[in-house]
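Listing of data-v6.csv, CSV, C-alpha atoms
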chain,number,residue,atom,x,y,z
A,72,MET,CA,0.0,0.0,0.0
A,73,LYS,CA,1.5,3.3,-1.1
A,74,LYS,CA,1.9,6.2,1.4
A,75,SER,CA,0.0,9.3,0.7
A,76,PRO,CA,2.1,12.3,-0.3
A,77,ILE,CA,0.3,14.3,2.4
A,78,VAL,CA,1.5,11.9,5.1
A,79,LEU,CA,5.1,12.3,3.8
A,80,ILE,CA,4.9,16.0,3.9
A,81,ILE,CA,3.6,16.0,7.5
A,82,LEU,CA,6.3,13.6,8.5
A,83,VAL,CA,9.1,15.8,6.9
A,84,ILE,CA,7.6,18.9,8.6
A,85,ALA,CA,7.6,17.1,12.0
A,86,ILE,CA,11.2,16.0,11.6
A,87,LEU,CA,12.2,19.6,10.7
A,88,ILE,CA,10.3,20.9,13.7
A,89,GLY,CA,12.0,18.4,15.9
A,90,ILE,CA,15.5,19.3,14.5
A,91,MET,CA,14.8,23.0,15.0
A,92,SER,CA,13.5,22.4,18.5
A,93,THR,CA,16.7,20.4,19.3
A,94,ALA,CA,19.4,22.5,17.7
A,95,PHE,CA,20.4,26.0,18.8
A,96,THR,CA,23.3,28.3,18.1
A,97,VAL,CA,25.4,30.3,20.6
A,98,ARG,CA,26.9,33.4,19.2
A,99,GLU,CA,30.4,34.8,20.1
A,100,THR,CA,28.8,37.6,22.1
A,101,GLU,CA,26.6,35.2,24.2
A,102,LYS,CA,26.7,32.6,26.9
A,103,ALA,CA,23.9,30.1,27.3
A,104,LEU,CA,22.2,28.3,30.1
A,105,VAL,CA,20.1,25.2,29.3
A,106,MET,CA,17.1,24.9,31.5
A,107,GLN,CA,15.0,21.7,32.1
A,108,PHE,CA,11.6,22.3,33.7
A,109,GLY,CA,12.8,25.6,35.0
A,110,ASN,CA,16.0,24.3,36.5
A,111,PRO,CA,19.5,24.9,35.0
A,112,VAL,CA,21.3,21.8,33.8
A,113,ARG,CA,24.1,23.0,31.6
A,114,VAL,CA,26.2,26.1,30.9
A,115,ILE,CA,27.6,26.7,27.4
A,116,ASP,CA,30.5,29.2,27.3
A,117,GLU,CA,31.7,28.4,23.7
A,118,ALA,CA,30.1,29.7,20.6
A,119,GLY,CA,28.7,27.2,18.1
A,120,LEU,CA,25.9,24.7,17.3
A,121,ASN,CA,24.5,22.9,20.3
A,122,PHE,CA,21.5,20.6,21.0
A,123,LYS,CA,18.8,20.2,23.6
A,124,ILE,CA,15.9,17.9,24.4
A,125,PRO,CA,12.9,19.3,22.5
A,126,PHE,CA,9.9,20.3,24.5
A,127,VAL,CA,11.7,19.4,27.7
A,128,GLN,CA,14.6,21.8,27.7
A,129,ASN,CA,14.8,25.5,26.8
A,130,VAL,CA,17.8,27.9,26.6
A,131,ARG,CA,18.4,31.2,28.3
A,132,PHE,CA,21.0,33.5,26.6
A,133,PHE,CA,23.1,36.0,28.4
A,134,ASP,CA,25.1,38.8,26.9
A,135,ASN,CA,28.9,38.2,27.1
A,136,ARG,CA,29.9,41.8,26.2
A,137,VAL,CA,30.8,44.6,28.6
A,138,LEU,CA,27.5,46.2,29.8
A,139,ASP,CA,27.0,49.7,31.2
A,140,TYR,CA,25.1,50.6,34.3
A,141,ASP,CA,24.3,54.1,35.5
A,142,ALA,CA,23.6,54.2,39.2
A,143,ASN,CA,21.0,56.4,40.7
A,144,VAL,CA,22.2,59.6,42.2
A,145,GLN,CA,22.9,59.0,45.9
A,146,GLU,CA,22.9,61.4,48.8
A,147,ILE,CA,25.8,60.3,51.0
A,148,PRO,CA,26.7,61.8,54.4
A,149,THR,CA,30.4,62.4,55.1
A,150,SER,CA,32.1,61.9,58.5
A,151,ASP,CA,31.4,65.6,59.5
A,152,GLN,CA,27.7,65.1,58.6
A,153,LYS,CA,27.8,67.0,55.3
A,154,GLN,CA,25.6,65.7,52.5
A,155,VAL,CA,27.0,65.2,49.0
A,156,LEU,CA,25.2,64.0,45.8
A,157,VAL,CA,27.2,61.3,44.1
A,158,ASP,CA,26.6,60.2,40.5
A,159,ALA,CA,28.4,56.9,39.7
A,160,TYR,CA,28.4,54.4,36.9
A,161,ALA,CA,29.8,50.9,36.4
A,162,ARG,CA,30.8,48.6,33.5
A,163,TYR,CA,30.4,44.8,34.1
A,164,ARG,CA,30.5,41.5,32.3
A,165,ILE,CA,28.5,38.3,33.1
A,166,THR,CA,31.2,35.7,33.8
A,167,ASP,CA,29.1,32.9,35.4
A,168,PRO,CA,25.6,32.5,33.8
A,169,LEU,CA,24.6,29.8,36.4
A,170,GLN,CA,25.5,32.0,39.4
A,171,PHE,CA,24.0,35.0,37.7
A,172,PHE,CA,20.7,33.2,37.2
A,173,GLN,CA,20.6,31.8,40.7
A,174,ALA,CA,21.5,35.2,42.3
A,175,VAL,CA,19.5,37.7,40.4
A,176,ASN,CA,17.9,35.8,37.5
A,177,ASN,CA,18.0,38.7,35.0
A,178,GLU,CA,19.6,42.1,34.3
A,179,PHE,CA,16.7,44.1,35.7
A,180,ALA,CA,17.0,42.5,39.1
A,181,LEU,CA,20.8,42.9,38.9
A,182,ARG,CA,20.5,46.6,38.4
A,183,ALA,CA,18.6,46.9,41.7
A,184,ARG,CA,21.1,44.8,43.6
A,185,LEU,CA,24.1,46.6,42.0
A,186,ASP,CA,22.6,49.9,42.9
A,187,SER,CA,22.4,48.8,46.5
A,188,VAL,CA,26.0,47.6,46.4
A,189,ILE,CA,27.2,50.9,45.0
A,190,SER,CA,25.2,52.9,47.5
A,191,ARG,CA,26.5,50.8,50.5
A,192,SER,CA,30.1,51.1,49.2
A,193,LEU,CA,29.9,54.8,48.8
A,194,ARG,CA,28.5,55.2,52.3
A,195,ASP,CA,31.3,53.1,53.7
A,196,VAL,CA,34.1,55.0,51.9
A,197,LEU,CA,32.8,58.6,52.0
A,198,GLY,CA,31.4,58.2,55.5
A,199,GLU,CA,34.9,57.8,56.9
A,200,VAL,CA,36.2,61.2,55.7
A,201,PRO,CA,35.2,64.8,56.1
A,202,LEU,CA,33.8,66.9,53.2
A,203,GLU,CA,37.1,68.8,52.7
A,204,VAL,CA,38.9,65.5,51.8
A,205,VAL,CA,36.1,64.5,49.3
A,206,MET,CA,36.5,67.8,47.5
A,207,THR,CA,40.3,67.5,47.1
A,208,PRO,CA,42.7,65.4,44.9
A,209,LYS,CA,42.8,62.9,47.8
A,210,ARG,CA,39.4,61.7,46.4
A,211,ALA,CA,41.4,59.5,44.0
A,212,ASP,CA,42.5,57.3,46.9
A,213,LEU,CA,38.9,57.1,48.1
A,214,MET,CA,37.8,56.0,44.6
A,215,ARG,CA,40.2,53.1,44.6
A,216,GLY,CA,38.8,51.8,47.8
A,217,PHE,CA,35.3,52.3,46.5
A,218,THR,CA,36.1,50.3,43.3
A,219,GLU,CA,37.6,47.4,45.3
A,220,ARG,CA,34.5,47.2,47.5
A,221,VAL,CA,32.1,47.1,44.5
A,222,GLU,CA,34.2,44.5,42.7
A,223,VAL,CA,34.3,42.2,45.7
A,224,GLU,CA,30.5,42.6,46.4
A,225,ALA,CA,29.6,42.1,42.7
A,226,ARG,CA,31.3,38.7,42.4
A,227,LYS,CA,28.5,36.9,44.2
A,228,PHE,CA,26.2,37.9,41.4
A,229,GLY,CA,28.3,36.0,38.8
A,230,ILE,CA,29.6,39.2,37.2
A,231,GLN,CA,33.0,40.9,36.9
A,232,VAL,CA,33.0,44.6,37.4
A,233,VAL,CA,35.4,45.9,34.7
A,234,ASP,CA,35.2,49.6,35.8
A,235,VAL,CA,33.4,51.6,38.3
A,236,ARG,CA,33.8,55.4,38.6
A,237,ILE,CA,32.2,58.5,40.1
A,238,ARG,CA,31.0,60.8,37.4
A,239,ARG,CA,30.6,63.8,39.7
A,240,ILE,CA,30.2,64.8,43.3
A,241,ASP,CA,28.0,67.8,44.1
A,242,LEU,CA,26.5,69.4,47.1
A,243,PRO,CA,22.8,69.7,47.6
A,244,GLU,CA,21.4,73.1,46.6
A,245,GLU,CA,20.9,74.4,50.2
A,246,ASN,CA,24.4,73.2,51.2
A,247,SER,CA,25.9,74.8,48.1
A,248,GLN,CA,24.4,78.2,49.0
A,249,ALA,CA,25.5,78.0,52.6
A,250,ILE,CA,29.0,77.0,51.6
A,251,TYR,CA,29.1,79.7,49.0
A,252,ARG,CA,28.1,82.3,51.5
A,253,ARG,CA,30.7,81.0,54.0
A,254,MET,CA,33.4,81.0,51.3
A,255,GLN,CA,32.4,84.5,50.3
A,256,THR,CA,32.6,85.7,53.9
A,257,GLN,CA,36.1,84.1,54.3
A,258,ARG,CA,37.3,85.7,51.1
A,259,GLU,CA,36.0,89.1,52.2
A,260,GLN,CA,37.8,88.7,55.6
A,261,GLU,CA,41.0,87.7,53.7
A,262,ALA,CA,40.6,90.7,51.4
A,263,ARG,CA,40.2,93.1,54.4
A,264,LYS,CA,43.2,91.5,56.0
A,265,PHE,CA,45.3,91.9,52.9
A,266,ARG,CA,44.2,95.5,52.4
A,267,ALA,CA,45.1,96.3,56.0
A,268,GLU,CA,48.5,94.7,55.6
A,269,GLY,CA,48.9,96.6,52.4
A,270,ASP,CA,48.0,99.9,54.0
A,271,LYS,CA,50.4,99.2,56.9
A,272,GLU,CA,53.2,98.4,54.5
A,273,SER,CA,52.4,101.5,52.4
A,274,ARG,CA,52.6,103.7,55.4
A,275,ARG,CA,55.9,102.1,56.4
A,276,ILE,CA,57.4,102.6,53.0
A,277,ARG,CA,56.2,106.2,52.8
A,278,ALA,CA,57.6,106.9,56.3
A,279,GLU,CA,61.0,105.5,55.2
A,280,ALA,CA,60.9,107.4,52.0
A,281,ASP,CA,60.1,110.7,53.8
A,282,LYS,CA,62.9,110.0,56.3
A,283,GLU,CA,65.3,109.3,53.5
A,284,GLN,CA,64.1,112.5,51.7
A,285,ARG,CA,64.7,114.6,54.8
A,286,VAL,CA,68.2,113.1,55.3
A,287,ILE,CA,69.0,113.7,51.6
A,288,LEU,CA,67.8,117.3,51.7
A,289,ALA,CA,69.6,118.0,54.9
A,290,GLU,CA,72.8,116.6,53.5
A,291,ALA,CA,72.3,118.6,50.3
A,292,ARG,CA,71.7,121.8,52.3
A,293,LYS,CA,74.7,121.1,54.4
A,294,ASN,CA,76.9,120.5,51.3
A,295,ALA,CA,75.4,123.6,49.6
A,296,GLU,CA,76.2,125.8,52.7
A,297,ILE,CA,79.7,124.4,52.8
A,298,LEU,CA,80.2,125.0,49.1
A,299,ARG,CA,78.6,128.4,49.3
A,300,GLY,CA,80.9,129.3,52.3
A,301,GLU,CA,84.0,128.0,50.4
A,302,GLY,CA,82.9,130.0,47.3
A,303,ASP,CA,82.3,133.2,49.3
A,304,ALA,CA,85.6,132.7,51.0
A,305,LYS,CA,87.3,132.2,47.7
A,306,ALA,CA,85.5,135.2,46.2
A,307,GLN,CA,86.4,137.3,49.1
A,308,GLY,CA,90.0,136.2,48.7
A,309,ILE,CA,89.9,137.2,45.1
A,310,TYR,CA,88.4,140.6,46.0
A,311,ASN,CA,91.0,141.2,48.6
A,312,ASP,CA,93.8,140.3,46.2
A,313,ALA,CA,92.3,142.6,43.6
A,314,TYR,CA,91.9,145.4,46.1
A,315,GLY,CA,95.5,145.0,47.2
A,316,ARG,CA,96.8,145.3,43.7
A,317,ASP,CA,94.8,148.4,42.6
A,318,ALA,CA,92.5,149.9,45.3
A,319,ASP,CA,91.2,152.7,43.1
A,320,PHE,CA,90.2,150.4,40.2
A,321,PHE,CA,88.6,148.0,42.7
A,322,ASP,CA,86.6,150.8,44.2
A,323,PHE,CA,85.6,152.0,40.8
A,324,TRP,CA,84.5,148.4,39.8
A,325,ARG,CA,82.5,147.9,42.9
A,326,SER,CA,80.8,151.3,42.4
A,327,MET,CA,79.8,150.3,38.8
A,328,GLN,CA,78.4,147.0,40.1
A,329,ALA,CA,76.3,148.9,42.7
A,330,MET,CA,75.0,151.3,40.0
A,331,GLN,CA,74.1,148.3,37.7
A,332,LYS,CA,72.1,146.7,40.5
A,333,GLY,CA,70.5,149.9,41.7
A,334,LEU,CA,69.7,151.4,38.3
A,335,GLY,CA,69.6,148.3,36.1
A,336,SER,CA,65.9,148.1,35.7
A,337,GLU,CA,64.4,149.7,32.5
A,338,SER,CA,61.6,151.2,34.6
A,339,THR,CA,64.0,152.9,37.0
A,340,THR,CA,64.6,156.6,36.4
A,341,TYR,CA,66.9,158.8,38.4
A,342,VAL,CA,66.1,162.5,38.5
A,343,GLY,CA,68.7,164.9,40.1
A,344,PRO,CA,72.2,166.0,40.0
A,345,PRO,CA,75.0,163.3,40.0
A,346,THR,CA,76.3,164.4,43.4
A,347,GLY,CA,77.0,162.4,46.5
A,348,ASP,CA,79.3,159.4,47.1
A,349,PHE,CA,77.2,157.1,44.9
A,350,PHE,CA,78.1,159.3,41.9
A,351,ARG,CA,81.6,160.1,42.9
A,352,PHE,CA,83.0,158.7,39.7
A,353,PHE,CA,80.9,160.9,37.5
A,354,GLY,CA,83.3,163.8,36.7
A,355,ASP,CA,82.8,167.3,35.2
A,356,GLU,CA,84.4,168.6,32.0
A,357,THR,CA,87.7,169.0,33.7
A,358,GLY,CA,87.6,165.4,34.8
A,359,LYS,CA,87.1,166.4,38.5
A,360,GLY,CA,84.7,164.3,40.4
A,361,ALA,CA,81.3,165.6,41.4
A,362,GLN,CA,80.9,167.0,44.9

Render the structure in this file as structure tokens.
Amino acid sequence: MKKSPIVLIILVIAILIGIMSTAFTVRETEKALVMQFGNPVRVIDEAGLNFKIPFVQNVRFFDNRVLDYDANVQEIPTSDQKQVLVDAYARYRITDPLQFFQAVNNEFALRARLDSVISRSLRDVLGEVPLEVVMTPKRADLMRGFTERVEVEARKFGIQVVDVRIRRIDLPEENSQAIYRRMQTQREQEARKFRAEGDKESRRIRAEADKEQRVILAEARKNAEILRGEGDAKAQGIYNDAYGRDADFFDFWRSMQAMQKGLGSESTTYVGPPTGDFFRFFGDETGKGAQ
């Protein structure tokens, strides 16, 4: 009895469905966990073609690439009871699909657990130091301790934390305003201090300059008086020497100098006879001096 073509077609389709239900492929970017009635029975780490029992087993795939996680912004108290807002992020890779499945089951649950780990680690690290340390370059040492804590805690989830960092640390708005006002007050106090010190130094420099000026002027006057005295003495010596050589000529020369000083101005006019001792060198026609 010949088989009906329809039966053969149905048989081929059934075989194909069975093969498709049995075979599955694991890509290079994935890891697989074979489940049997909801329980894990086999982990597949290598890429390639694999097989499972159809209708009894199913496969869960997990991303083998580095995944990003942005933690929620945490408000963390420091040791001096100052609040800071911390924005952190992490990069991780699923290294053990079986442990990952048993610990958190899926990535959504992992994010909640990882957020708790990051928050707890931040509180442990930042809660041991005051705010002034958090806002200085010493923060790098704190971040290394924070990273180590997160890496250790994350291993129990079947993942490897590749990198974990703090994107930024800010102060709450009310704290920022209070600190800004305090910093402004401190800067104003420092400015007043510097101005007072500057005024004091300015007065000291001016006093020293005035003192040096008075000393220099006194020395200059002293030297001027000495030079003037020496000049007068030398001039007097010259006058005496000239007088000794020719007394009449010297008397005439001194009289001319007196006239030049007394009548030298263009607005000075003398009205009267050239008599008296002042005009003794004004002679008459015979050459005899005026009386």

Could you please determine the separation between atom CA of A:Gly315 and atom CA of A:Glu301 in Å, to one decimal place?
->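 Computed distance, atom CA of A:Gly315 to atom CA of A:Glu301, equals 20.8 Å.
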
Which residue, A:Thr166, A:Gln331, A:Asn129, A:Ser190, has the smallest gap to A:Pro148 when you use only C-alpha atoms?
->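 For A:Pro148, the nearest of the given residues is A:Ser190.
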
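With atom CA of A:Gln284 on one side and atom CA of A:Leu298 on the other, the separation reads 20.5 Å.
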
Using 12 Å as the limit and counting all atoms listed in the file, can you tabulate each residue of stretch 115-172 of chain A that touches stretch 209-222 of chain A, with its shortest atom-to-atom distance in Å and the two atoms involved, as JSON lines?
{"residue": "A:Val157", "atom": "CA", "partner": "A:Met214", "partner_atom": "CA", "distance": 11.9}
{"residue": "A:Ala159", "atom": "CA", "partner": "A:Met214", "partner_atom": "CA", "distance": 10.6}
{"residue": "A:Tyr160", "atom": "CA", "partner": "A:Thr218", "partner_atom": "CA", "distance": 10.8}
{"residue": "A:Ala161", "atom": "CA", "partner": "A:Val221", "partner_atom": "CA", "distance": 9.2}
{"residue": "A:Arg162", "atom": "CA", "partner": "A:Glu222", "partner_atom": "CA", "distance": 10.6}
{"residue": "A:Tyr163", "atom": "CA", "partner": "A:Glu222", "partner_atom": "CA", "distance": 9.4}
{"residue": "A:Arg164", "atom": "CA", "partner": "A:Glu222", "partner_atom": "CA", "distance": 11.4}

Hey, can you check how far atom CA of A:Lys293 sits from atom CA of A:Asp312?
->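 Taking atom CA of A:Lys293 and atom CA of A:Asp312, their separation equals 28.3 Å.
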
Residue nearest A:Ala225 among A:Ser273, A:Ser326, A:Gln255, A:Gln170 (counting only C-alpha atoms) = A:Gln170

Which one of A:Val175, A:Val127, A:Val78, A:Val155 sits closest to A:Ile230 if you count all atoms listed in the file?
-> A:Val175

For stretch 169-284 of chain A against stretch 95-103 of chain A, with a cut-off of 12 Å and counting only C-alpha atoms, what is the closest atom pair and its distance in Å to one decimal for every residue that makes the cut, ordered by chain and number, as a tab-separated table?
residue	atom	partner	partner_atom	distance
A:Leu169	CA	A:Ala103	CA	9.1
A:Phe171	CA	A:Lys102	CA	11.4
A:Phe172	CA	A:Ala103	CA	10.9

For stretch 104-107 of chain A, please output as a PDB file with C-alpha atoms, in the coordinates of the input all residues within 12 Å (counting all atoms listed in the file; exclusion window: fewer than 3 positions along the same chain).
ATOM      1  CA  THR A  93      16.700  20.400  19.300  1.00  0.00           C
ATOM      2  CA  ALA A  94      19.400  22.500  17.700  1.00  0.00           C
ATOM      3  CA  PHE A  95      20.400  26.000  18.800  1.00  0.00           C
ATOM      4  CA  VAL A  97      25.400  30.300  20.600  1.00  0.00           C
ATOM      5  CA  GLU A 101      26.600  35.200  24.200  1.00  0.00           C
ATOM      6  CA  ASN A 110      16.000  24.300  36.500  1.00  0.00           C
ATOM      7  CA  PRO A 111      19.500  24.900  35.000  1.00  0.00           C
ATOM      8  CA  VAL A 112      21.300  21.800  33.800  1.00  0.00           C
ATOM      9  CA  ARG A 113      24.100  23.000  31.600  1.00  0.00           C
ATOM     10  CA  VAL A 114      26.200  26.100  30.900  1.00  0.00           C
ATOM     11  CA  ILE A 115      27.600  26.700  27.400  1.00  0.00           C
ATOM     12  CA  ASP A 116      30.500  29.200  27.300  1.00  0.00           C
ATOM     13  CA  GLU A 117      31.700  28.400  23.700  1.00  0.00           C
ATOM     14  CA  ASN A 121      24.500  22.900  20.300  1.00  0.00           C
ATOM     15  CA  PHE A 122      21.500  20.600  21.000  1.00  0.00           C
ATOM     16  CA  LYS A 123      18.800  20.200  23.600  1.00  0.00           C
ATOM     17  CA  ILE A 124      15.900  17.900  24.400  1.00  0.00           C
ATOM     18  CA  PRO A 125      12.900  19.300  22.500  1.00  0.00           C
ATOM     19  CA  PHE A 126       9.900  20.300  24.500  1.00  0.00           C
ATOM     20  CA  VAL A 127      11.700  19.400  27.700  1.00  0.00           C
ATOM     21  CA  GLN A 128      14.600  21.800  27.700  1.00  0.00           C
ATOM     22  CA  ASN A 129      14.800  25.500  26.800  1.00  0.00           C
ATOM     23  CA  VAL A 130      17.800  27.900  26.600  1.00  0.00           C
ATOM     24  CA  ARG A 131      18.400  31.200  28.300  1.00  0.00           C
ATOM     25  CA  PHE A 132      21.000  33.500  26.600  1.00  0.00           C
ATOM     26  CA  PHE A 133      23.100  36.000  28.400  1.00  0.00           C
ATOM     27  CA  ASP A 134      25.100  38.800  26.900  1.00  0.00           C
ATOM     28  CA  ASP A 167      29.100  32.900  35.400  1.00  0.00           C
ATOM     29  CA  PRO A 168      25.600  32.500  33.800  1.00  0.00           C
ATOM     30  CA  LEU A 169      24.600  29.800  36.400  1.00  0.00           C
ATOM     31  CA  GLN A 170      25.500  32.000  39.400  1.00  0.00           C
ATOM     32  CA  PHE A 171      24.000  35.000  37.700  1.00  0.00           C
ATOM     33  CA  PHE A 172      20.700  33.200  37.200  1.00  0.00           C
ATOM     34  CA  GLN A 173      20.600  31.800  40.700  1.00  0.00           C
ATOM     35  CA  ASN A 176      17.900  35.800  37.500  1.00  0.00           C
TER      36      ASN A 176
END

Please rebuild stretch 224-233 of chain A with all heavy atoms and give the result as a CSV table (one decimal), keeping the file's coordinate frame.
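Printed below is selection_0.csv as written:
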chain,number,residue,atom,x,y,z
A,224,GLU,N,31.9,42.8,46.1
A,224,GLU,CA,30.5,42.6,46.4
A,224,GLU,C,29.8,42.0,45.1
A,224,GLU,O,28.9,41.2,45.2
A,224,GLU,CB,29.8,43.9,46.8
A,224,GLU,CG,30.2,44.3,48.2
A,224,GLU,CD,29.5,43.5,49.3
A,224,GLU,OE1,28.4,43.0,49.0
A,224,GLU,OE2,30.0,43.3,50.3
A,225,ALA,N,30.3,42.5,43.9
A,225,ALA,CA,29.6,42.1,42.7
A,225,ALA,C,29.9,40.6,42.3
A,225,ALA,O,29.2,40.0,41.5
A,225,ALA,CB,30.0,43.0,41.6
A,226,ARG,N,31.0,40.0,42.8
A,226,ARG,CA,31.3,38.7,42.4
A,226,ARG,C,30.2,37.7,42.7
A,226,ARG,O,30.1,36.7,42.0
A,226,ARG,CB,32.6,38.3,43.0
A,226,ARG,CG,33.8,39.0,42.5
A,226,ARG,CD,35.1,38.7,43.3
A,226,ARG,NE,36.2,39.6,42.9
A,226,ARG,CZ,37.3,39.7,43.6
A,226,ARG,NH1,37.4,39.0,44.8
A,226,ARG,NH2,38.2,40.5,43.2
A,227,LYS,N,29.5,37.9,43.8
A,227,LYS,CA,28.5,36.9,44.2
A,227,LYS,C,27.3,36.9,43.3
A,227,LYS,O,26.4,36.0,43.4
A,227,LYS,CB,28.0,37.3,45.7
A,227,LYS,CG,27.4,38.6,45.8
A,227,LYS,CD,27.1,38.9,47.3
A,227,LYS,CE,26.4,40.3,47.5
A,227,LYS,NZ,26.2,40.6,48.9
A,228,PHE,N,27.2,37.9,42.4
A,228,PHE,CA,26.2,37.9,41.4
A,228,PHE,C,26.6,37.2,40.1
A,228,PHE,O,25.8,37.2,39.1
A,228,PHE,CB,25.8,39.3,41.1
A,228,PHE,CG,25.3,40.1,42.3
A,228,PHE,CD1,25.7,41.4,42.4
A,228,PHE,CD2,24.5,39.5,43.2
A,228,PHE,CE1,25.3,42.2,43.5
A,228,PHE,CE2,24.1,40.3,44.3
A,228,PHE,CZ,24.5,41.6,44.5
A,229,GLY,N,27.8,36.7,40.0
A,229,GLY,CA,28.3,36.0,38.8
A,229,GLY,C,28.7,37.0,37.8
A,229,GLY,O,28.7,36.7,36.6
A,230,ILE,N,29.1,38.2,38.2
A,230,ILE,CA,29.6,39.2,37.2
A,230,ILE,C,31.0,39.7,37.6
A,230,ILE,O,31.4,39.5,38.8
A,230,ILE,CB,28.6,40.4,37.1
A,230,ILE,CG1,28.6,41.2,38.4
A,230,ILE,CG2,27.2,39.9,36.7
A,230,ILE,CD1,27.8,42.4,38.4
A,231,GLN,N,31.7,40.3,36.7
A,231,GLN,CA,33.0,40.9,36.9
A,231,GLN,C,32.8,42.4,36.6
A,231,GLN,O,32.4,42.8,35.5
A,231,GLN,CB,34.0,40.3,36.0
A,231,GLN,CG,35.4,41.0,36.1
A,231,GLN,CD,36.3,40.6,35.1
A,231,GLN,OE1,36.0,39.9,34.1
A,231,GLN,NE2,37.6,41.1,35.1
A,232,VAL,N,33.1,43.2,37.6
A,232,VAL,CA,33.0,44.6,37.4
A,232,VAL,C,34.3,45.1,36.7
A,232,VAL,O,35.4,45.0,37.3
A,232,VAL,CB,32.8,45.4,38.8
A,232,VAL,CG1,32.8,46.9,38.5
A,232,VAL,CG2,31.5,45.0,39.4
A,233,VAL,N,34.2,45.5,35.5
A,233,VAL,CA,35.4,45.9,34.7
A,233,VAL,C,35.8,47.3,35.2
A,233,VAL,O,37.0,47.6,35.3
A,233,VAL,CB,35.0,45.9,33.2
A,233,VAL,CG1,36.2,46.4,32.4
A,233,VAL,CG2,34.6,44.5,32.8
